[in-house]
$ cat input-v1.cif   # mmCIF, C-alpha atoms
data_upload
#
loop_
_atom_site.label_atom_id
_atom_site.label_comp_id
_atom_site.auth_asym_id
_atom_site.auth_seq_id
_atom_site.Cartn_x
_atom_site.Cartn_y
_atom_site.Cartn_z
CA MET A 1100 38.54 106.21 216.11
CA THR A 1101 40.71 109.04 217.40
CA GLY A 1102 41.53 112.03 215.24
CA ASP A 1103 45.19 111.10 215.33
CA THR A 1104 44.56 107.62 213.95
CA LEU A 1105 42.29 109.07 211.33
CA SER A 1106 44.79 111.69 210.24
CA SER A 1107 47.55 109.07 210.11
CA THR A 1108 45.37 107.02 207.81
CA LEU A 1109 44.46 110.00 205.64
CA PHE A 1110 48.09 111.00 205.43
CA ALA A 1111 49.11 107.47 204.49
CA LEU A 1112 46.50 107.46 201.74
CA ALA A 1113 47.44 110.88 200.36
CA ASP A 1114 50.32 109.48 198.31
CA PRO A 1115 49.76 107.61 195.03
CA THR A 1116 52.65 105.18 195.65
CA ARG A 1117 51.25 104.24 199.03
CA ARG A 1118 47.79 103.77 197.54
CA GLY A 1119 49.41 101.53 194.92
CA ILE A 1120 51.14 99.48 197.60
CA LEU A 1121 47.85 99.03 199.49
CA ALA A 1122 46.06 98.00 196.31
CA ARG A 1123 48.77 95.42 195.64
CA LEU A 1124 48.54 94.09 199.21
CA ALA A 1125 44.78 93.81 198.89
CA THR A 1126 45.45 90.93 196.48
CA GLY A 1127 47.78 89.15 198.94
CA ASP A 1128 50.92 89.44 201.06
CA ALA A 1129 54.10 90.53 199.29
CA SER A 1130 57.79 91.15 199.94
CA VAL A 1131 59.29 94.65 199.87
CA LYS A 1132 61.13 93.67 196.68
CA ALA A 1133 57.91 92.59 194.98
CA LEU A 1134 56.21 95.82 196.08
CA ALA A 1135 59.05 97.92 194.64
CA GLU A 1136 58.87 96.25 191.21
CA PRO A 1137 56.10 98.35 189.57
CA TYR A 1138 57.82 101.59 190.62
CA ASP A 1139 61.01 103.20 189.45
CA MET A 1140 62.19 103.25 193.04
CA SER A 1141 64.77 101.63 195.28
CA THR A 1142 63.63 99.16 197.92
CA ALA A 1143 64.85 101.76 200.43
CA ALA A 1144 62.38 104.32 199.06
CA VAL A 1145 59.59 101.78 199.17
CA SER A 1146 60.59 100.94 202.75
CA LYS A 1147 60.01 104.60 203.68
CA HIS A 1148 56.50 104.40 202.31
CA LEU A 1149 55.97 101.13 204.19
CA LYS A 1150 57.09 102.87 207.36
CA VAL A 1151 54.31 105.45 206.94
CA LEU A 1152 51.79 102.69 206.22
CA ALA A 1153 52.97 100.70 209.26
CA ARG A 1154 52.74 103.78 211.50
CA ALA A 1155 49.14 104.24 210.39
CA GLY A 1156 48.52 100.60 211.26
CA LEU A 1157 47.68 99.79 207.64
CA VAL A 1158 50.52 97.34 207.03
CA SER A 1159 52.17 94.75 209.27
CA ARG A 1160 55.31 92.69 208.60
CA GLY A 1161 55.54 88.95 209.08
CA LYS A 1162 58.10 87.80 211.64
CA GLU A 1163 58.75 84.18 210.70
CA ALA A 1164 59.49 84.01 207.03
CA GLN A 1165 62.88 85.30 205.95
CA TRP A 1166 61.37 87.68 203.39
CA ARG A 1167 59.11 89.21 206.09
CA PRO A 1168 55.99 89.53 203.97
CA CYS A 1169 53.94 92.74 204.16
CA HIS A 1170 50.31 92.27 205.12
CA LEU A 1171 47.38 94.66 204.72
CA GLU A 1172 45.60 95.56 207.97
CA ALA A 1173 42.10 96.51 206.92
CA SER A 1174 40.45 97.92 210.04
CA PRO A 1175 41.93 101.47 210.09
CA LEU A 1176 41.04 101.72 206.42
CA GLU A 1177 37.49 100.74 207.17
CA GLU A 1178 37.25 103.31 209.97
CA ALA A 1179 38.68 106.05 207.75
CA PHE A 1180 36.25 105.04 205.04
CA ASP A 1181 33.33 105.31 207.48
CA TRP A 1182 34.46 108.77 208.49
CA LEU A 1183 34.91 109.90 204.87
CA SER A 1184 31.47 108.50 204.00
CA GLU A 1185 29.98 110.45 206.88
CA TYR A 1186 31.74 113.59 205.65
CA ARG A 1187 30.34 113.04 202.17
CA ARG A 1188 26.86 112.42 203.56
CA PHE A 1189 27.05 115.70 205.48
CA TRP A 1190 27.84 117.56 202.29
CA ASP A 1191 25.21 115.68 200.30
CA ARG A 1192 22.58 116.78 202.82
CA ASN A 1193 24.01 120.28 202.81
CA LEU A 1194 23.86 120.51 199.02
CA ASP A 1195 20.35 119.04 198.82
CA SER A 1196 19.35 121.75 201.27
CA LEU A 1197 21.15 124.48 199.30
CA GLY A 1198 19.43 123.26 196.12
CA SER A 1199 15.96 123.59 197.69
CA TYR A 1200 16.84 126.97 199.13
CA LEU A 1201 18.00 128.22 195.72
CA GLU A 1202 14.58 127.31 194.32
CA GLU A 1203 12.99 129.42 197.08
CA MET A 1204 15.31 132.31 196.31
CA LYS A 1205 14.52 132.15 192.58
CA GLN A 1206 10.79 131.96 193.34
CA SER A 1207 10.72 134.93 195.70
CA ARG A 1208 12.86 136.94 193.31
CA SER A 1209 10.67 136.41 190.27
CA VAL A 1210 7.63 137.40 192.35
CA LYS A 1211 9.40 140.46 193.75
CA ASP A 1212 11.03 141.62 190.51
CA ASP A 1213 8.13 141.03 188.14
CA PRO A 1214 4.89 140.88 190.11
CA ALA A 1215 2.70 141.48 187.06
CA VAL A 1216 4.57 139.45 184.46
CA PRO A 1217 3.84 135.73 184.20
CA SER A 1218 6.81 133.38 183.86
CA GLU A 1219 8.10 132.49 180.38
CA ASP A 1220 6.56 129.02 180.48
CA GLN A 1221 3.03 130.31 180.56
CA MET B 152 46.04 136.56 195.99
CA SER B 153 47.72 133.72 194.12
CA THR B 154 45.83 130.59 193.21
CA ILE B 155 46.97 127.43 194.94
CA THR B 156 47.09 124.58 192.46
CA GLU B 157 49.28 122.07 194.24
CA ALA B 158 48.72 120.36 197.55
CA PRO B 159 51.75 119.85 199.75
CA ALA B 160 52.65 116.31 200.77
CA GLY B 161 50.51 114.94 203.57
CA LEU B 162 47.17 116.23 202.43
CA ALA B 163 44.27 113.95 201.62
CA SER B 164 41.38 115.35 199.64
CA ILE B 165 37.72 114.79 199.01
CA VAL B 166 36.28 116.22 195.80
CA MET B 167 32.56 116.74 195.33
CA ARG B 168 30.54 118.29 192.54
CA ARG B 169 26.93 119.35 192.16
CA ASN B 170 24.88 121.10 189.47
CA PHE B 171 22.32 123.70 190.48
CA ASP B 172 19.57 125.05 188.29
CA ALA B 173 20.33 128.64 189.26
CA PRO B 174 22.59 131.42 187.99
CA ARG B 175 25.99 131.72 189.63
CA ALA B 176 25.24 135.13 191.17
CA ILE B 177 22.39 133.60 193.19
CA VAL B 178 24.47 130.59 194.30
CA TRP B 179 27.25 132.93 195.40
CA GLU B 180 24.78 135.02 197.37
CA ALA B 181 23.25 131.92 198.99
CA MET B 182 26.65 130.74 200.23
CA THR B 183 28.16 134.06 201.32
CA GLU B 184 25.32 135.96 202.99
CA PRO B 185 24.70 134.79 206.57
CA ARG B 186 20.94 135.42 206.41
CA HIS B 187 20.81 132.89 203.55
CA VAL B 188 23.44 130.43 204.85
CA ALA B 189 21.62 130.15 208.18
CA ARG B 190 18.52 128.99 206.29
CA TRP B 191 20.03 126.00 204.47
CA TRP B 192 23.28 124.95 206.21
CA GLY B 193 23.07 121.47 207.71
CA GLY B 194 19.86 120.37 206.01
CA PRO B 195 16.47 119.40 207.45
CA GLY B 196 16.20 119.40 211.25
CA VAL B 197 19.33 121.49 211.75
CA THR B 198 19.08 125.13 212.78
CA ASN B 199 21.88 127.66 212.82
CA PRO B 200 21.48 129.99 215.82
CA VAL B 201 24.81 131.68 215.02
CA CYS B 202 26.09 132.53 211.55
CA GLU B 203 28.38 135.53 211.26
CA MET B 204 30.49 135.85 208.13
CA ASP B 205 33.08 138.47 207.32
CA VAL B 206 33.55 137.45 203.71
CA ARG B 207 37.01 138.72 202.78
CA PRO B 208 40.51 137.22 203.04
CA ASP B 209 41.35 136.69 206.75
CA GLY B 210 37.72 137.37 207.62
CA VAL B 211 36.14 135.13 210.26
CA TRP B 212 33.10 132.85 209.92
CA ARG B 213 31.56 131.99 213.29
CA HIS B 214 28.88 129.38 213.18
CA VAL B 215 26.84 127.25 215.58
CA MET B 216 24.74 124.35 214.30
CA ARG B 217 21.94 123.00 216.53
CA PHE B 218 20.85 119.42 215.90
CA PRO B 219 17.36 118.02 216.57
CA ASN B 220 18.59 116.36 219.81
CA GLY B 221 19.73 119.76 221.11
CA TYR B 222 23.43 119.16 220.51
CA GLU B 223 25.23 122.32 219.42
CA LEU B 224 28.30 122.19 217.21
CA ARG B 225 30.49 125.25 217.08
CA LEU B 226 32.43 125.88 213.88
CA ASP B 227 35.09 128.55 213.51
CA PHE B 228 36.42 129.20 210.04
CA VAL B 229 38.65 131.78 208.37
CA PHE B 230 38.22 132.84 204.76
CA LEU B 231 41.43 132.59 202.75
CA GLU B 232 40.38 133.55 199.24
CA VAL B 233 37.30 135.45 198.14
CA GLU B 234 36.86 135.95 194.42
CA LYS B 235 33.28 136.91 193.80
CA PRO B 236 31.40 135.21 192.18
CA HIS B 237 33.42 132.10 191.36
CA ARG B 238 35.86 131.08 194.10
CA LEU B 239 35.64 130.85 197.89
CA VAL B 240 38.27 129.22 200.12
CA TRP B 241 37.99 128.77 203.88
CA ARG B 242 39.58 126.63 206.54
CA HIS B 243 39.16 125.72 210.18
CA ALA B 244 40.45 128.54 212.36
CA ASP B 245 42.55 126.00 214.31
CA PHE B 246 44.00 124.50 211.11
CA ASP B 247 47.58 125.16 212.21
CA ILE B 248 47.32 124.40 215.91
CA GLN B 249 44.93 121.51 216.32
CA SER B 250 46.70 118.22 216.90
CA ASN B 251 43.83 116.10 218.11
CA GLY B 252 40.22 115.52 217.18
CA VAL B 253 38.85 115.58 213.65
CA PRO B 254 41.52 116.53 211.12
CA PRO B 255 41.06 120.19 210.20
CA SER B 256 40.49 120.97 206.55
CA THR B 257 40.75 123.66 203.93
CA THR B 258 37.68 123.85 201.72
CA THR B 259 37.77 125.31 198.22
CA VAL B 260 34.53 125.91 196.34
CA THR B 261 34.54 126.99 192.72
CA LEU B 262 31.41 127.96 190.79
CA ALA B 263 31.19 127.68 187.01
CA GLU B 264 28.17 128.98 185.11
CA ALA B 265 26.78 127.69 181.82
CA ASP B 266 23.32 128.40 180.33
CA GLY B 267 22.04 129.87 183.58
CA ARG B 268 23.05 126.76 185.54
CA THR B 269 25.88 126.55 188.04
CA THR B 270 28.36 123.76 188.69
CA TRP B 271 29.52 123.72 192.29
CA ARG B 272 32.83 121.97 192.92
CA MET B 273 34.34 121.46 196.34
CA VAL B 274 37.79 120.22 197.30
CA ALA B 275 38.27 119.53 201.01
CA GLN B 276 41.85 118.90 202.09
CA PHE B 277 42.74 117.42 205.47
CA ARG B 278 45.97 117.62 207.35
CA THR B 279 47.68 117.68 210.70
CA LEU B 280 50.99 119.30 211.45
CA ALA B 281 52.35 116.11 213.02
CA GLU B 282 51.80 114.27 209.76
CA ARG B 283 53.32 117.06 207.72
CA ASP B 284 56.41 117.04 209.93
CA LEU B 285 56.64 113.28 209.61
CA ALA B 286 56.46 113.68 205.84
CA ARG B 287 59.36 116.12 205.94
CA SER B 288 61.45 113.90 208.18
CA LEU B 289 60.97 111.00 205.79
CA GLY B 290 61.85 113.14 202.80
CA PHE B 291 58.40 113.44 201.20
CA THR B 292 58.23 117.05 200.12
CA GLY B 293 56.82 116.92 196.61
CA PRO B 294 53.26 117.71 195.64
CA ILE B 295 50.64 114.98 195.59
CA GLU B 296 47.80 114.53 193.18
CA ALA B 297 44.49 115.88 194.37
CA SER B 298 42.69 112.60 194.75
CA CYS B 299 39.15 111.50 195.38
CA LEU B 300 40.59 108.68 197.46
CA ARG B 301 39.36 106.22 194.88
CA LEU B 302 41.56 103.51 196.31
CA ILE B 303 40.05 103.67 199.75
CA GLU B 304 36.65 103.26 198.15
CA ILE B 305 37.77 100.23 196.18
CA LEU B 306 39.53 98.72 199.17
CA ALA B 307 36.54 99.32 201.42
CA THR B 308 34.40 97.41 198.96
CA TRP B 309 36.87 94.58 199.12
CA ILE B 310 36.98 94.70 202.93
CA ASN B 311 33.22 94.47 203.14
CA GLY B 312 33.26 91.22 201.22
CA GLY B 313 32.48 92.77 197.88
CA SER B 314 29.30 94.55 198.89
CA GLU B 315 28.69 97.57 196.74
CA ILE B 316 29.28 100.95 198.28
CA ASN B 317 28.10 103.90 196.31
CA ASN B 318 30.19 106.76 197.55
CA GLU B 319 30.54 108.68 194.30
CA ALA B 320 30.18 112.42 194.49
CA ARG B 321 27.05 113.36 192.59
CA PRO B 322 27.50 114.72 189.09
#

$ encode --input "input-v1.cif" --output "C-alpha cells"
Amino acid sequence: MTGDTLSSTLFALADPTRRGILARLATGDASVKALAEPYDMSTAAVSKHLKVLARAGLVSRGKEAQWRPCHLEASPLEEAFDWLSEYRRFWDRNLDSLGSYLEEMKQSRSVKDDPAVPSEDQ
Amino acid sequence: MSTITEAPAGLASIVMRRNFDAPRAIVWEAMTEPRHVARWWGGPGVTNPVCEMDVRPDGVWRHVMRFPNGYELRLDFVFLEVEKPHRLVWRHADFDIQSNGVPPSTTTVTLAEADGRTTWRMVAQFRTLAERDLARSLGFTGPIEASCLRLIEILATWINGGSEINNEARP
C-alpha cells in the first residue's frame, strides 16, 4: 500500500459522517438519498462526502440501476487497518519496554538513594 | 504556548493509554533524556545508535533505530510543546513537506499522576497536505472529533468474516 493511498483512507475515515456512511454501507448497498436520511444534510452535502470516499477507493457507484447504488469497497480499509494495527503494535512493544525500563530505574534509584535502608515491604 | 484541543479537518487519530507503576517525574525523565530513551525505545532486539534530543519547543530529536536484521531506520522529529512533567508534543520534521510514504504524524503524550502511579496517554494524528487541501476545496473546514477509529476496527472485523480482532489500546 502506498503512503498516498493510506493517507487518502485515513483522511476519508477522519470524519464522523463518512464513518457513518461506511458503517451503513457495510450492511448493504444504498442510494445517496438513503445515506442522507440519518443526517441533517442535503443529498449534495452527502455527495461531497461520497466523493472523498470514492477518491479513497472505499466506495464505488453502480452503473446499471437508475438509483446508482453506493457499494463499500473493503480492501483499502483492510490495508489501512493492517497499517494501523502495526502502528499500535509498535507502540505496545515500545510501552512494554518503557515499563520494564522504569522498573530498572526505580530499582537503581532506591539502591543509590538509600543503600542502607531496606524497602518498606520488608 | 497555547494548548491545541481541536484537530483540523483531515486528521485521523490513534489514541493509546498505559498505566505505569512509577511516579510521573521518573516517567518524564525516561522519555525525555536520550541516555534513557536509547535504552528502551523500540523494545527487545532494537538498538538505538543515535538518540539526540533538544527537549524544548522547536528543538530537534534525531534518532536512528537498528533492527536485529541490521536495517536502520532514521527518525527526525521536532518538539512542539514541552511542559515538564506532564505534556510533550512532537512531530515528524517533514510533517509539512512530505507528500509520499508513511503519513507523517504529530504525537501528543500527556502524563497524569495518582498515588505514585502514572497514566500515559498518547494521541497520534496523521495528515498529508494534499488531503488537507482537498478538504478545503470540498468545503470541509470544521474540526473533527479525535477518534480512535472505532469504525475501522468494527468494519475490519466484518471484512474478515467476523473473526475477532483485539486492537484495543491497553487500559

$ atom_distance --input "input-v1.cif" --atom1 "atom CA of Met204 of chain B" --atom2 "atom CA of Thr261 of chain B"
18.2 Å

$ closest_residue --input "input-v1.cif" --among "B:Val233, B:Val260, B:Val240, B:Val188" --to "Arg272 of chain B" --atoms "only C-alpha atoms"
B:Val260

$ residues_near_point --input "input-v1.cif" --point "(25.3, 121.2, 203.2)" --cutoff "12 Å" --atoms "only C-alpha atoms" --output "PyMOL selection string"
(chain A and resi 1186-1200) or (chain B and resi 167+169+181-182+188-195+197+216+271+273)

$ atom_distance --input "input-v1.cif" --atom1 "atom CA of Ala1173 of chain A" --atom2 "atom CA of His1148 of chain A"
17.1 Å

$ atom_distance --input "input-v1.cif" --atom1 "atom CA of Val166 of chain B" --atom2 "atom CA of Thr258 of chain B"
9.8 Å

$ axis_aligned_box --input "input-v1.cif" --around "segment 1147-1164 of chain A" --padding-each-side "4 Å" --output "JSON"
{"center_x": 53.8, "center_y": 94.7, "center_z": 207.0, "size_x": 20.3, "size_y": 29.4, "size_z": 17.3}

$ resolve_selection --input "input-v1.cif" --expression "the PyMOL selection byres ((chain B and resi 241) around 6)" --output "list in words"
Val229, Phe230, Leu231, Val240, Arg242, Thr257 and Thr258 of chain B

$ write_last_selection --input "input-v1.cif" --atoms "C-alpha atoms" --output "PDB file, keeping the file's coordinate frame"
ATOM      1  CA  VAL B 229      38.650 131.780 208.370  1.00  0.00           C
ATOM      2  CA  PHE B 230      38.220 132.840 204.760  1.00  0.00           C
ATOM      3  CA  LEU B 231      41.430 132.590 202.750  1.00  0.00           C
ATOM      4  CA  VAL B 240      38.270 129.220 200.120  1.00  0.00           C
ATOM      5  CA  ARG B 242      39.580 126.630 206.540  1.00  0.00           C
ATOM      6  CA  THR B 257      40.750 123.660 203.930  1.00  0.00           C
ATOM      7  CA  THR B 258      37.680 123.850 201.720  1.00  0.00           C
TER       8      THR B 258
END

$ resolve_selection --input "input-v1.cif" --expression "the PyMOL selection byres ((chain A and resi 1204) around 10)" --output "PyMOL selection string"
(chain A and resi 1198-1203+1205-1209) or (chain B and resi 173+177-178+180-181+187)

$ closest_residue --input "input-v1.cif" --among "A:Pro1175, A:Pro1115, A:Gly1156, A:Gly1127" --to "chain B" --atoms "all atoms listed in the file"
A:Pro1115

$ closest_residue --input "input-v1.cif" --among "A:Val1158, A:Ala1179, A:Leu1152, A:Ile1120" --to "Ala1135 of chain A" --atoms "only C-alpha atoms"
A:Ile1120

$ resolve_selection --input "input-v1.cif" --expression "the PyMOL selection byres ((chain A and resi 1144) around 12)" --output "PyMOL selection string"
(chain A and resi 1116-1117+1131-1132+1134-1136+1138-1143+1145-1151) or (chain B and resi 289-291)

$ residues_around --input "input-v1.cif" --residues "Glu1172 of chain A" --least-positions-apart "2" --cutoff "10 Å" --atoms "all atoms listed in the file" --output "PyMOL selection string"
chain A and resi 1121+1124-1125+1152-1153+1155-1159+1169-1170+1174-1177

$ build_atoms --input "input-v1.cif" --residues "segment 1119-1130 of chain A" --atoms "all heavy atoms" --output "mmCIF file, in the frame of the given file"
data_model
loop_
_atom_site.group_PDB
_atom_site.id
_atom_site.type_symbol
_atom_site.label_atom_id
_atom_site.label_comp_id
_atom_site.auth_asym_id
_atom_site.auth_seq_id
_atom_site.Cartn_x
_atom_site.Cartn_y
_atom_site.Cartn_z
ATOM 1 N N GLY A 1119 49.057 102.659 195.786
ATOM 2 C CA GLY A 1119 49.410 101.530 194.920
ATOM 3 C C GLY A 1119 49.843 100.316 195.726
ATOM 4 O O GLY A 1119 49.457 99.182 195.424
ATOM 5 N N ILE A 1120 50.659 100.578 196.750
ATOM 6 C CA ILE A 1120 51.140 99.480 197.600
ATOM 7 C C ILE A 1120 49.948 98.801 198.303
ATOM 8 O O ILE A 1120 49.857 97.571 198.352
ATOM 9 C CB ILE A 1120 52.144 100.024 198.653
ATOM 10 C CG1 ILE A 1120 53.463 100.407 197.960
ATOM 11 C CG2 ILE A 1120 52.393 98.996 199.750
ATOM 12 C CD1 ILE A 1120 54.453 101.147 198.851
ATOM 13 N N LEU A 1121 49.017 99.603 198.806
ATOM 14 C CA LEU A 1121 47.850 99.030 199.490
ATOM 15 C C LEU A 1121 47.000 98.199 198.521
ATOM 16 O O LEU A 1121 46.506 97.124 198.870
ATOM 17 C CB LEU A 1121 46.996 100.127 200.123
ATOM 18 C CG LEU A 1121 47.624 100.839 201.322
ATOM 19 C CD1 LEU A 1121 46.710 101.957 201.799
ATOM 20 C CD2 LEU A 1121 47.896 99.862 202.459
ATOM 21 N N ALA A 1122 46.858 98.725 197.308
ATOM 22 C CA ALA A 1122 46.060 98.000 196.310
ATOM 23 C C ALA A 1122 46.710 96.650 196.003
ATOM 24 O O ALA A 1122 46.030 95.631 195.872
ATOM 25 C CB ALA A 1122 45.912 98.827 195.042
ATOM 26 N N ARG A 1123 48.044 96.661 195.908
ATOM 27 C CA ARG A 1123 48.770 95.420 195.640
ATOM 28 C C ARG A 1123 48.585 94.441 196.811
ATOM 29 O O ARG A 1123 48.327 93.251 196.611
ATOM 30 C CB ARG A 1123 50.257 95.749 195.430
ATOM 31 C CG ARG A 1123 51.224 94.578 195.456
ATOM 32 C CD ARG A 1123 51.023 93.641 194.260
ATOM 33 N NE ARG A 1123 51.904 92.483 194.349
ATOM 34 C CZ ARG A 1123 51.651 91.420 195.095
ATOM 35 N NH1 ARG A 1123 50.544 91.367 195.814
ATOM 36 N NH2 ARG A 1123 52.498 90.403 195.121
ATOM 37 N N LEU A 1124 48.663 94.957 198.036
ATOM 38 C CA LEU A 1124 48.540 94.090 199.210
ATOM 39 C C LEU A 1124 47.113 93.568 199.395
ATOM 40 O O LEU A 1124 46.888 92.560 200.055
ATOM 41 C CB LEU A 1124 49.003 94.819 200.481
ATOM 42 C CG LEU A 1124 50.506 95.096 200.560
ATOM 43 C CD1 LEU A 1124 50.830 95.895 201.803
ATOM 44 C CD2 LEU A 1124 51.312 93.793 200.531
ATOM 45 N N ALA A 1125 46.164 94.281 198.807
ATOM 46 C CA ALA A 1125 44.780 93.810 198.890
ATOM 47 C C ALA A 1125 44.610 92.490 198.150
ATOM 48 O O ALA A 1125 43.677 91.727 198.399
ATOM 49 C CB ALA A 1125 43.822 94.860 198.326
ATOM 50 N N THR A 1126 45.537 92.192 197.228
ATOM 51 C CA THR A 1126 45.450 90.930 196.480
ATOM 52 C C THR A 1126 46.255 89.827 197.166
ATOM 53 O O THR A 1126 46.213 88.677 196.732
ATOM 54 C CB THR A 1126 45.964 91.102 195.033
ATOM 55 O OG1 THR A 1126 47.384 91.370 195.077
ATOM 56 C CG2 THR A 1126 45.275 92.247 194.332
ATOM 57 N N GLY A 1127 47.019 90.167 198.209
ATOM 58 C CA GLY A 1127 47.780 89.150 198.940
ATOM 59 C C GLY A 1127 49.079 89.707 199.487
ATOM 60 O O GLY A 1127 49.532 90.775 199.062
ATOM 61 N N ASP A 1128 49.669 89.006 200.445
ATOM 62 C CA ASP A 1128 50.920 89.440 201.060
ATOM 63 C C ASP A 1128 52.041 89.505 200.015
ATOM 64 O O ASP A 1128 52.015 88.783 199.023
ATOM 65 C CB ASP A 1128 51.326 88.473 202.187
ATOM 66 C CG ASP A 1128 50.361 88.554 203.361
ATOM 67 O OD1 ASP A 1128 49.416 89.361 203.284
ATOM 68 O OD2 ASP A 1128 50.567 87.815 204.342
ATOM 69 N N ALA A 1129 53.008 90.384 200.255
ATOM 70 C CA ALA A 1129 54.100 90.530 199.290
ATOM 71 C C ALA A 1129 55.364 90.983 200.003
ATOM 72 O O ALA A 1129 55.313 91.620 201.064
ATOM 73 C CB ALA A 1129 53.717 91.532 198.204
ATOM 74 N N SER A 1130 56.517 90.682 199.409
ATOM 75 C CA SER A 1130 57.790 91.150 199.940
ATOM 76 C C SER A 1130 58.029 92.594 199.523
ATOM 77 O O SER A 1130 57.387 93.096 198.588
ATOM 78 C CB SER A 1130 58.935 90.278 199.416
ATOM 79 O OG SER A 1130 59.062 90.481 198.021
#
